[in-house]
$ cat my_file_39.cif   # mmCIF, C-alpha atoms
data_data
loop_
_atom_site.group_PDB
_atom_site.id
_atom_site.type_symbol
_atom_site.label_atom_id
_atom_site.label_comp_id
_atom_site.auth_asym_id
_atom_site.auth_seq_id
_atom_site.Cartn_x
_atom_site.Cartn_y
_atom_site.Cartn_z
ATOM 1 C CA ARG A 383 9.523 -15.089 16.100
ATOM 2 C CA ALA A 384 11.584 -16.340 13.186
ATOM 3 C CA THR A 385 12.361 -14.003 10.349
ATOM 4 C CA ARG A 386 11.900 -14.921 6.732
ATOM 5 C CA ALA A 387 13.279 -13.341 3.630
ATOM 6 C CA VAL A 388 10.887 -12.090 0.996
ATOM 7 C CA ALA A 389 12.125 -13.048 -2.413
ATOM 8 C CA SER A 390 13.607 -10.438 -4.684
ATOM 9 C CA SER A 391 12.459 -10.254 -8.252
ATOM 10 C CA ALA A 392 15.228 -12.685 -9.167
ATOM 11 C CA ALA A 393 14.932 -14.978 -6.155
ATOM 12 C CA ALA A 394 13.164 -18.304 -5.984
ATOM 13 C CA ALA A 395 9.407 -18.231 -5.484
ATOM 14 C CA GLY A 396 9.679 -20.767 -2.682
ATOM 15 C CA VAL A 397 11.251 -18.211 -0.374
ATOM 16 C CA ALA A 398 8.322 -15.854 -0.873
ATOM 17 C CA ILE A 399 5.878 -18.663 -0.175
ATOM 18 C CA ALA A 400 7.679 -19.449 3.077
ATOM 19 C CA ALA A 401 7.348 -15.829 4.133
ATOM 20 C CA LEU A 402 3.610 -15.971 3.572
ATOM 21 C CA VAL A 403 3.054 -19.260 5.334
ATOM 22 C CA ASN A 404 5.141 -18.243 8.335
ATOM 23 C CA PRO A 405 4.786 -14.454 8.487
ATOM 24 C CA GLY A 406 7.400 -12.953 10.768
ATOM 25 C CA VAL A 407 9.476 -9.953 9.928
ATOM 26 C CA LEU A 408 8.834 -8.834 6.377
ATOM 27 C CA ARG A 409 12.118 -8.317 4.572
ATOM 28 C CA HIS A 410 12.548 -6.182 1.504
ATOM 29 C CA PRO A 411 14.167 -7.670 -1.589
ATOM 30 C CA HIS A 412 17.107 -5.245 -1.393
ATOM 31 C CA SER A 413 17.355 -4.736 2.355
ATOM 32 C CA VAL A 414 15.550 -5.595 5.558
ATOM 33 C CA LEU A 415 13.261 -2.596 5.140
ATOM 34 C CA THR A 416 16.093 -0.839 6.931
ATOM 35 C CA PRO A 417 17.626 2.440 5.771
ATOM 36 C CA SER A 418 21.385 2.343 5.427
ATOM 37 C CA THR A 419 21.674 5.951 6.559
ATOM 38 C CA THR A 420 19.481 8.494 8.274
ATOM 39 C CA ALA A 421 17.344 11.164 6.657
ATOM 40 C CA PRO A 422 16.753 14.324 8.681
ATOM 41 C CA VAL A 423 13.241 15.689 8.956
ATOM 42 C CA PRO A 424 13.385 18.938 6.982
ATOM 43 C CA GLY A 425 13.332 22.012 9.151
ATOM 44 C CA ARG A 426 14.172 20.362 12.460
ATOM 45 C CA ALA A 427 16.621 17.999 14.036
ATOM 46 C CA GLY A 428 15.808 14.318 13.884
ATOM 47 C CA SER A 429 16.166 11.253 11.727
ATOM 48 C CA CYS A 430 14.217 8.229 10.670
ATOM 49 C CA ARG A 431 15.004 5.212 12.755
ATOM 50 C CA ARG A 432 16.344 1.975 11.426
ATOM 51 C CA ASN A 433 13.154 0.035 10.990
ATOM 52 C CA ARG A 434 11.600 -3.057 9.520
ATOM 53 C CA VAL A 435 7.964 -3.996 9.169
ATOM 54 C CA ALA A 436 6.908 -6.824 11.460
ATOM 55 C CA THR A 437 4.087 -8.907 10.038
ATOM 56 C CA PRO A 438 1.223 -9.083 10.246
ATOM 57 C CA PHE A 439 1.291 -5.289 10.457
ATOM 58 C CA VAL A 440 -1.490 -2.804 11.143
ATOM 59 C CA GLY A 441 -1.200 0.416 9.165
ATOM 60 C CA VAL A 442 -3.208 3.569 8.650
ATOM 61 C CA ALA A 443 -4.097 5.633 5.581
ATOM 62 C CA ILE A 444 -4.355 9.334 6.349
ATOM 63 C CA ASN A 445 -4.289 12.857 5.018
ATOM 64 C CA PRO A 446 -1.467 15.105 6.293
ATOM 65 C CA PRO A 447 -0.400 16.531 8.690
ATOM 66 C CA VAL A 448 1.240 13.160 9.221
ATOM 67 C CA THR A 449 2.581 13.457 12.766
ATOM 68 C CA LYS A 450 -0.605 14.856 14.279
ATOM 69 C CA THR A 451 -2.895 12.434 12.462
ATOM 70 C CA VAL A 452 -0.821 9.340 13.212
ATOM 71 C CA GLN A 453 -0.572 10.331 16.878
ATOM 72 C CA SER A 454 -4.359 10.710 16.998
ATOM 73 C CA PHE A 455 -4.870 7.257 15.471
ATOM 74 C CA ALA A 456 -2.286 5.623 17.733
ATOM 75 C CA SER A 457 -3.744 7.240 20.840
ATOM 76 C CA ALA A 458 -7.266 6.142 19.957
ATOM 77 C CA THR A 459 -6.468 2.578 18.905
ATOM 78 C CA GLY A 460 -3.411 1.753 20.995
ATOM 79 C CA VAL A 461 -1.627 0.703 17.783
ATOM 80 C CA ARG A 462 1.608 2.216 16.473
ATOM 81 C CA PRO A 463 1.159 1.844 12.713
ATOM 82 C CA GLY A 464 3.729 -0.281 10.941
ATOM 83 C CA VAL A 465 2.763 1.415 7.669
ATOM 84 C CA VAL A 466 1.606 5.008 7.169
ATOM 85 C CA GLU A 467 -0.103 5.540 3.823
ATOM 86 C CA PHE A 468 -0.797 8.901 2.202
ATOM 87 C CA TYR A 469 -1.503 10.269 -1.257
ATOM 88 C CA THR A 470 0.243 12.496 -3.768
ATOM 89 C CA ALA A 471 -0.035 13.355 -7.451
ATOM 90 C CA PHE A 472 2.263 12.495 -10.313
ATOM 91 C CA LEU A 473 4.358 15.572 -11.259
ATOM 92 C CA LYS A 474 4.456 16.685 -7.623
ATOM 93 C CA PRO A 475 7.888 16.559 -5.936
ATOM 94 C CA PHE A 476 8.733 13.613 -3.720
ATOM 95 C CA PRO A 477 6.947 14.355 -0.384
ATOM 96 C CA ARG A 478 10.108 14.193 1.693
ATOM 97 C CA TYR A 479 8.724 15.998 4.706
ATOM 98 C CA GLU A 480 5.657 13.760 5.042
ATOM 99 C CA ALA A 481 7.719 10.632 4.402
ATOM 100 C CA ALA A 482 10.208 11.660 7.085
ATOM 101 C CA GLN A 483 7.395 12.292 9.575
ATOM 102 C CA ALA A 484 6.091 8.776 8.926
ATOM 103 C CA ALA A 485 9.519 7.137 9.047
ATOM 104 C CA GLY A 486 10.732 9.003 12.135
ATOM 105 C CA PRO A 487 8.770 6.893 14.672
ATOM 106 C CA GLY A 488 9.678 3.719 12.768
ATOM 107 C CA SER A 489 6.768 3.328 10.325
ATOM 108 C CA LEU A 490 7.134 2.576 6.627
ATOM 109 C CA PRO A 491 5.795 5.411 4.432
ATOM 110 C CA LEU A 492 3.489 4.045 1.715
ATOM 111 C CA ILE A 493 3.075 6.762 -0.920
ATOM 112 C CA GLN A 494 0.144 6.419 -3.286
ATOM 113 C CA VAL A 495 1.072 8.198 -6.527
ATOM 114 C CA ASN A 496 -2.025 9.066 -8.559
ATOM 115 C CA PHE A 497 -1.961 9.930 -12.265
ATOM 116 C CA ARG A 498 -4.777 12.487 -12.432
ATOM 117 C CA GLY A 499 -4.598 14.533 -15.617
ATOM 118 C CA VAL A 500 -1.585 12.610 -16.939
ATOM 119 C CA SER A 501 -1.438 10.325 -19.953
ATOM 120 C CA LEU A 502 0.127 6.981 -19.071
ATOM 121 C CA ALA A 503 1.020 6.517 -22.735
ATOM 122 C CA SER A 504 3.124 9.682 -22.438
ATOM 123 C CA ILE A 505 4.834 8.278 -19.347
ATOM 124 C CA ALA A 506 5.624 5.041 -21.178
ATOM 125 C CA SER A 507 7.001 6.936 -24.182
ATOM 126 C CA GLY A 508 9.472 8.887 -22.036
ATOM 127 C CA HIS A 509 7.770 12.286 -22.020
ATOM 128 C CA TYR A 510 8.212 12.661 -18.259
ATOM 129 C CA ASP A 511 11.656 11.093 -17.881
ATOM 130 C CA ARG A 512 13.322 14.226 -16.528
ATOM 131 C CA TYR A 513 10.749 14.471 -13.755
ATOM 132 C CA LEU A 514 11.035 10.758 -13.015
ATOM 133 C CA ARG A 515 14.823 10.893 -12.743
ATOM 134 C CA GLN A 516 14.567 13.838 -10.344
ATOM 135 C CA TYR A 517 11.950 11.998 -8.293
ATOM 136 C CA ALA A 518 14.070 8.848 -8.218
ATOM 137 C CA GLN A 519 17.105 10.778 -7.042
ATOM 138 C CA ALA A 520 15.043 12.471 -4.312
ATOM 139 C CA VAL A 521 13.890 9.061 -3.060
ATOM 140 C CA LYS A 522 17.465 7.761 -3.194
ATOM 141 C CA THR A 523 18.751 10.742 -1.208
ATOM 142 C CA PHE A 524 15.996 10.253 1.362
ATOM 143 C CA SER A 525 17.717 6.939 2.207
ATOM 144 C CA CYS A 526 14.955 5.560 4.433
ATOM 145 C CA GLN A 527 12.827 2.784 2.986
ATOM 146 C CA VAL A 528 9.621 3.898 1.278
ATOM 147 C CA ALA A 529 6.860 1.980 -0.463
ATOM 148 C CA LEU A 530 5.548 3.386 -3.736
ATOM 149 C CA SER A 531 2.188 2.471 -5.246
ATOM 150 C CA LEU A 532 1.490 3.703 -8.770
ATOM 151 C CA GLY A 533 -2.118 4.320 -9.799
ATOM 152 C CA HIS A 534 -3.968 2.259 -7.197
ATOM 153 C CA GLU A 535 -7.310 0.623 -8.096
ATOM 154 C CA MET A 536 -6.251 0.583 -11.733
ATOM 155 C CA ASN A 537 -8.583 -2.363 -12.377
ATOM 156 C CA GLY A 538 -11.624 -0.223 -11.574
ATOM 157 C CA SER A 539 -13.434 2.131 -13.942
ATOM 158 C CA TRP A 540 -13.458 5.238 -11.722
ATOM 159 C CA TYR A 541 -9.945 6.590 -12.361
ATOM 160 C CA SER A 542 -8.430 7.826 -15.617
ATOM 161 C CA TRP A 543 -5.593 5.284 -15.288
ATOM 162 C CA GLY A 544 -8.133 2.444 -15.579
ATOM 163 C CA LEU A 545 -10.651 1.382 -18.181
ATOM 164 C CA PRO A 546 -12.067 2.800 -20.372
ATOM 165 C CA ASP A 547 -9.505 5.643 -20.505
ATOM 166 C CA THR A 548 -6.367 3.541 -20.080
ATOM 167 C CA SER A 549 -5.820 -0.024 -21.244
ATOM 168 C CA PRO A 550 -4.037 -2.646 -19.130
ATOM 169 C CA ALA A 551 -1.209 -2.766 -21.694
ATOM 170 C CA THR A 552 -0.632 0.997 -21.388
ATOM 171 C CA PHE A 553 -0.733 0.864 -17.598
ATOM 172 C CA VAL A 554 1.794 -1.976 -17.537
ATOM 173 C CA ALA A 555 4.075 -0.156 -19.995
ATOM 174 C CA ALA A 556 4.027 3.002 -17.853
ATOM 175 C CA TRP A 557 4.728 1.058 -14.628
ATOM 176 C CA ARG A 558 7.639 -0.828 -16.200
ATOM 177 C CA HIS A 559 9.076 2.380 -17.633
ATOM 178 C CA ILE A 560 9.018 4.092 -14.229
ATOM 179 C CA HIS A 561 10.606 1.039 -12.620
ATOM 180 C CA ARG A 562 13.363 0.999 -15.263
ATOM 181 C CA ILE A 563 14.250 4.612 -14.516
ATOM 182 C CA PHE A 564 14.509 3.924 -10.789
ATOM 183 C CA THR A 565 16.704 0.931 -11.561
ATOM 184 C CA ALA A 566 18.914 3.012 -13.859
ATOM 185 C CA GLU A 567 19.253 5.628 -11.112
ATOM 186 C CA ARG A 568 20.252 2.833 -8.694
ATOM 187 C CA VAL A 569 17.463 3.533 -6.222
ATOM 188 C CA ARG A 570 17.466 0.656 -3.741
ATOM 189 C CA ASN A 571 15.200 1.894 -0.956
ATOM 190 C CA VAL A 572 11.824 1.383 -2.662
ATOM 191 C CA THR A 573 9.255 -1.332 -2.011
ATOM 192 C CA TRP A 574 7.015 -1.427 -5.115
ATOM 193 C CA SER A 575 3.383 -2.011 -4.145
ATOM 194 C CA PHE A 576 0.824 -3.018 -6.791
ATOM 195 C CA ASP A 577 -2.604 -2.147 -5.360
ATOM 196 C CA PRO A 578 -5.706 -3.242 -7.312
ATOM 197 C CA ASP A 579 -9.263 -2.944 -6.075
ATOM 198 C CA HIS A 580 -11.249 -5.939 -4.861
ATOM 199 C CA VAL A 581 -13.912 -5.506 -7.573
ATOM 200 C CA TRP A 582 -13.531 -7.984 -10.416
ATOM 201 C CA GLN A 583 -16.944 -8.043 -12.116
ATOM 202 C CA PRO A 584 -17.105 -6.025 -15.376
ATOM 203 C CA ALA A 585 -20.753 -5.274 -14.598
ATOM 204 C CA HIS A 586 -19.591 -3.455 -11.471
ATOM 205 C CA GLY A 587 -16.740 -1.591 -13.129
ATOM 206 C CA GLY A 588 -13.968 -4.013 -12.215
ATOM 207 C CA SER A 589 -11.582 -6.505 -13.769
ATOM 208 C CA TRP A 590 -9.096 -9.121 -12.628
ATOM 209 C CA ALA A 591 -5.842 -7.869 -11.149
ATOM 210 C CA LYS A 592 -3.818 -10.195 -13.399
ATOM 211 C CA GLN A 593 -4.839 -8.147 -16.446
ATOM 212 C CA TRP A 594 -2.901 -5.191 -14.984
ATOM 213 C CA TRP A 595 0.040 -7.089 -13.504
ATOM 214 C CA PRO A 596 3.405 -5.434 -14.371
ATOM 215 C CA GLY A 597 5.311 -8.639 -13.630
ATOM 216 C CA PRO A 598 7.290 -10.038 -10.696
ATOM 217 C CA GLY A 599 10.459 -8.181 -11.648
ATOM 218 C CA CYS A 600 9.013 -4.782 -10.783
ATOM 219 C CA VAL A 601 6.563 -5.528 -7.954
ATOM 220 C CA ASP A 602 7.431 -6.447 -4.352
ATOM 221 C CA TRP A 603 4.036 -6.359 -2.587
ATOM 222 C CA ILE A 604 0.410 -6.642 -3.657
ATOM 223 C CA GLY A 605 -2.196 -4.630 -1.775
ATOM 224 C CA ILE A 606 -5.956 -4.985 -2.259
ATOM 225 C CA ASP A 607 -8.409 -2.146 -1.591
ATOM 226 C CA GLY A 608 -11.857 -2.965 -0.272
ATOM 227 C CA TYR A 609 -14.430 -1.847 2.308
ATOM 228 C CA GLN A 610 -17.211 -3.598 4.173
ATOM 229 C CA ARG A 611 -20.758 -2.376 4.486
ATOM 230 C CA PRO A 612 -23.529 -4.063 6.501
ATOM 231 C CA GLY A 613 -23.989 -7.699 5.521
ATOM 232 C CA GLU A 614 -20.596 -8.030 3.850
ATOM 233 C CA THR A 615 -17.731 -10.242 5.010
ATOM 234 C CA PHE A 616 -14.019 -10.427 4.283
ATOM 235 C CA ASP A 617 -14.580 -13.360 1.931
ATOM 236 C CA SER A 618 -17.444 -11.701 0.053
ATOM 237 C CA VAL A 619 -15.386 -8.543 -0.499
ATOM 238 C CA PHE A 620 -11.839 -9.852 -0.988
ATOM 239 C CA GLY A 621 -12.121 -13.591 -1.640
ATOM 240 C CA ARG A 622 -12.304 -13.737 -5.438
ATOM 241 C CA GLN A 623 -9.650 -11.114 -6.154
ATOM 242 C CA LEU A 624 -7.320 -12.573 -3.522
ATOM 243 C CA ALA A 625 -7.644 -16.016 -5.122
ATOM 244 C CA ASP A 626 -6.904 -14.544 -8.535
ATOM 245 C CA ILE A 627 -3.770 -12.778 -7.261
ATOM 246 C CA ARG A 628 -2.473 -15.912 -5.612
ATOM 247 C CA SER A 629 -3.002 -17.823 -8.844
ATOM 248 C CA PHE A 630 -0.226 -15.879 -10.589
ATOM 249 C CA THR A 631 2.175 -14.677 -7.882
ATOM 250 C CA SER A 632 3.549 -15.680 -4.494
ATOM 251 C CA LYS A 633 4.513 -12.113 -3.571
ATOM 252 C CA PRO A 634 3.333 -10.899 -0.129
ATOM 253 C CA VAL A 635 -0.288 -9.712 -0.129
ATOM 254 C CA PHE A 636 -1.843 -7.188 2.245
ATOM 255 C CA ILE A 637 -5.010 -5.119 2.469
ATOM 256 C CA ALA A 638 -3.926 -1.668 1.271
ATOM 257 C CA GLU A 639 -7.116 0.247 2.103
ATOM 258 C CA THR A 640 -10.005 -0.930 4.209
ATOM 259 C CA GLY A 641 -12.687 0.176 6.621
ATOM 260 C CA VAL A 642 -15.989 -1.037 8.041
ATOM 261 C CA GLU A 643 -19.074 1.147 7.929
ATOM 262 C CA PRO A 644 -20.434 1.967 11.413
ATOM 263 C CA GLY A 645 -23.535 0.054 12.416
ATOM 264 C CA ALA A 646 -24.820 -2.876 14.429
ATOM 265 C CA THR A 647 -22.635 -5.420 12.621
ATOM 266 C CA GLN A 648 -19.449 -3.325 12.602
ATOM 267 C CA PRO A 649 -17.731 -4.937 15.629
ATOM 268 C CA ALA A 650 -18.203 -8.452 14.257
ATOM 269 C CA GLN A 651 -17.024 -7.355 10.809
ATOM 270 C CA ILE A 652 -13.876 -5.752 12.218
ATOM 271 C CA SER A 653 -13.140 -8.909 14.163
ATOM 272 C CA GLY A 654 -13.680 -10.996 11.030
ATOM 273 C CA LEU A 655 -11.386 -8.730 9.023
ATOM 274 C CA PHE A 656 -8.472 -9.227 11.408
ATOM 275 C CA ARG A 657 -9.128 -12.962 11.756
ATOM 276 C CA ALA A 658 -8.986 -13.332 7.977
ATOM 277 C CA VAL A 659 -5.659 -11.507 7.784
ATOM 278 C CA LYS A 660 -4.237 -14.065 10.183
ATOM 279 C CA ARG A 661 -6.042 -17.037 8.612
ATOM 280 C CA ASP A 662 -4.951 -16.209 5.067
ATOM 281 C CA HIS A 663 -1.369 -15.340 6.059
ATOM 282 C CA LEU A 664 -1.608 -11.787 4.755
ATOM 283 C CA ALA A 665 1.246 -9.392 5.472
ATOM 284 C CA GLY A 666 -1.143 -6.964 7.195
ATOM 285 C CA LEU A 667 -3.840 -4.368 6.655
ATOM 286 C CA VAL A 668 -4.077 -0.599 6.341
ATOM 287 C CA TRP A 669 -7.128 1.080 7.877
ATOM 288 C CA PHE A 670 -8.477 4.016 5.850
ATOM 289 C CA ASP A 671 -8.842 6.543 8.660
ATOM 290 C CA ILE A 672 -10.411 9.229 6.469
ATOM 291 C CA ASN A 673 -14.086 10.133 6.205
ATOM 292 C CA ARG A 674 -14.725 9.989 2.473
ATOM 293 C CA LYS A 675 -18.137 8.876 1.201
ATOM 294 C CA GLU A 676 -18.571 6.965 4.481
ATOM 295 C CA ASN A 677 -17.460 7.551 8.064
ATOM 296 C CA TRP A 678 -14.437 5.255 8.056
ATOM 297 C CA ARG A 679 -12.500 7.220 10.681
ATOM 298 C CA LEU A 680 -12.251 5.371 13.999
ATOM 299 C CA GLU A 681 -11.671 8.347 16.293
ATOM 300 C CA GLY A 682 -14.958 9.092 18.023
ATOM 301 C CA ASP A 683 -16.462 5.736 17.036
ATOM 302 C CA THR A 684 -16.671 4.055 20.449
ATOM 303 C CA SER A 685 -17.982 0.717 19.216
ATOM 304 C CA GLY A 686 -15.569 0.536 16.300
ATOM 305 C CA LEU A 687 -12.583 1.503 18.425
ATOM 306 C CA SER A 688 -13.320 -1.139 21.030
ATOM 307 C CA ALA A 689 -13.605 -3.834 18.352
ATOM 308 C CA PHE A 690 -10.465 -2.596 16.594
ATOM 309 C CA ARG A 691 -8.400 -2.692 19.809
ATOM 310 C CA ARG A 692 -9.513 -6.249 20.582
ATOM 311 C CA ALA A 693 -8.902 -7.421 17.030
ATOM 312 C CA ALA A 694 -5.434 -5.848 16.845
ATOM 313 C CA ASP A 695 -4.494 -7.554 20.123
ATOM 314 C CA MET A 696 -5.728 -10.859 18.725
ATOM 315 C CA LEU A 697 -3.727 -10.390 15.523
ATOM 316 C CA HIS A 698 -0.480 -10.094 17.449
ATOM 317 C CA GLY A 699 -1.429 -12.584 20.134
#
$ encode --input "my_file_39.cif" --output "structure tokens"
Amino acid sequence: RATRAVASSAAAAGVAIAALVNPGVLRHPHSVLTPSTTAPVPGRAGSCRRNRVATPFVGVAINPPVTKTVQSFASATGVRPGVVEFYTAFLKPFPRYEAAQAAGPGSLPLIQVNFRGVSLASIASGHYDRYLRQYAQAVKTFSCQVALSLGHEMNGSWYSWGLPDTSPATFVAAWRHIHRIFTAERVRNVTWSFDPDHVWQPAHGGSWAKQWWPGPGCVDWIGIDGYQRPGETFDSVFGRQLADIRSFTSKPVFIAETGVEPGATQPAQISGLFRAVKRDHLAGLVWFDINRKENWRLEGDTSGLSAFRRAADMLHG
């Protein structure tokens, strides 16, 4: 399968479009999603392998412990995740151990940094610059490629980094400020992932992703969060927001969090989800393998697992 280069923030948009139309091996703007050196797993011998994310990828969102949980998912589904997503809080140290556990088998760590209890206006004004420089240096020292997502689902109304607590202008200013610090610290092993929610209707607590867009110079990927319940389809959940995103950027798009509620229609919905990823030339999807509000976890779900295995085989067929 041919490889295509994903455009850097300064590269021509046509290259990025080619990568979406003919998804092959997803290349990072600064490198081929390949660490230049190794990063030992703290506390034991080992290193992260030289890796790159083949598209369309299948990833998993989990809670630590990373190794045990990823092994459970891989054993159940027959899929080695190309992306391993987990969550941390702003002001916490860089989660080196968890990132190394994800990167060791060759997956890309996708770290969701949440701003609970933190003013984004204070971030933008430089109040947390010392912490940010330390975090940036820790990522740089880690060496392996990582993806960072800042304040996911910012276009919803359920987090403090979204409306009504935080305006789009403040969110964008904070994102750009963080990106500037990483640039000043010469951190080159980060894939910046902008991850809005699928909801766009103000009446349902959502808004268009473009209102929160930090700009092409400081975003590499766009991930959309969204889940299917009985009667819903990929197009009914993701269609409008996906169209909006593609109206203002040609950056690679993937589904950053998703799941299908168990039930009679679940197998068909899972199949439709994977078919749409292929049809719409998305970079991949990340399954939310955590039971939160609904039973999204696949382990123990015989019907869901069977459908997931078939769909994953089809995606790479």
$ axis_aligned_box --input "my_file_39.cif" --around "stretch 564-581 of chain A" --padding-each-side "3 Å" --output "AutoDock Vina command-line options"
--center_x 3.2 --center_y -0.2 --center_z -7.4 --size_x 40.2 --size_y 17.6 --size_z 18.9
$ resolve_selection --input "my_file_39.cif" --expression "the PyMOL selection byres ((chain A and resi 438) around 6)" --output "ChimeraX atom specification"
/A:437,439,665-666
$ residues_around --input "my_file_39.cif" --residues "A:Trp582" --least-positions-apart "5" --cutoff "8 Å" --atoms "only C-alpha atoms" --output "number ranges by chain"
A: 537, 587-591, 622-623
$ atom_distance --input "my_file_39.cif" --atom1 "atom CA of A:His559" --atom2 "atom CA of A:Asn445"
28.3 Å
$ closest_residue --input "my_file_39.cif" --among "A:Arg434, A:Arg570, A:Arg498, A:Arg657" --to "A:Phe472" --atoms "all atoms listed in the file"
A:Arg498
$ atom_distance --input "my_file_39.cif" --atom1 "atom CA of A:Ala689" --atom2 "atom CA of A:Gln648"
8.2 Å
$ atom_distance --input "my_file_39.cif" --atom1 "atom CA of A:Ala506" --atom2 "atom CA of A:Thr631"
24.0 Å
$ resolve_selection --input "my_file_39.cif" --expression "the PyMOL selection byres ((chain A and resi 566) around 12)" --output "VMD selection string"
chain A and resid 511 514 to 515 518 to 519 522 559 to 565 567 to 570
$ closest_residue --input "my_file_39.cif" --among "A:Gly699, A:Gly441, A:Pro447, A:Pro477" --to "A:Ser489" --atoms "all atoms listed in the file"
A:Gly441
$ resolve_selection --input "my_file_39.cif" --expression "the PyMOL selection byres ((chain A and resi 505) around 10)" --output "list of chain:residue names"
A:Phe497, A:Val500, A:Ser501, A:Leu502, A:Ala503, A:Ser504, A:Ala506, A:Ser507, A:Gly508, A:His509, A:Tyr510, A:Asp511, A:Leu514, A:Thr552, A:Phe553, A:Ala555, A:Ala556, A:Trp557, A:His559, A:Ile560
$ residues_around --input "my_file_39.cif" --residues "stretch 626-629 of chain A" --least-positions-apart "6" --cutoff "10 Å" --atoms "only C-alpha atoms" --output "PyMOL selection string"
chain A and resi 578+582+590-592+595+604-606+635
$ residues_around --input "my_file_39.cif" --residues "A:Ala520" --least-positions-apart "5" --cutoff "9 Å" --atoms "all atoms listed in the file" --output "ChimeraX atom specification"
/A:475-476,478,515,525
$ residues_around --input "my_file_39.cif" --residues "A:Cys600" --least-positions-apart "4" --cutoff "7 Å" --atoms "all atoms listed in the file" --output "ChimeraX atom specification"
/A:391,558,561,574,596
$ closest_residue --input "my_file_39.cif" --among "A:Gln610, A:Thr548, A:Gln583, A:Thr470" --to "A:Pro649" --atoms "all atoms listed in the file"
A:Gln610
$ closest_residue --input "my_file_39.cif" --among "A:Gln527, A:Ser632, A:Gln453, A:Thr459" --to "A:Trp669" --atoms "all atoms listed in the file"
A:Thr459
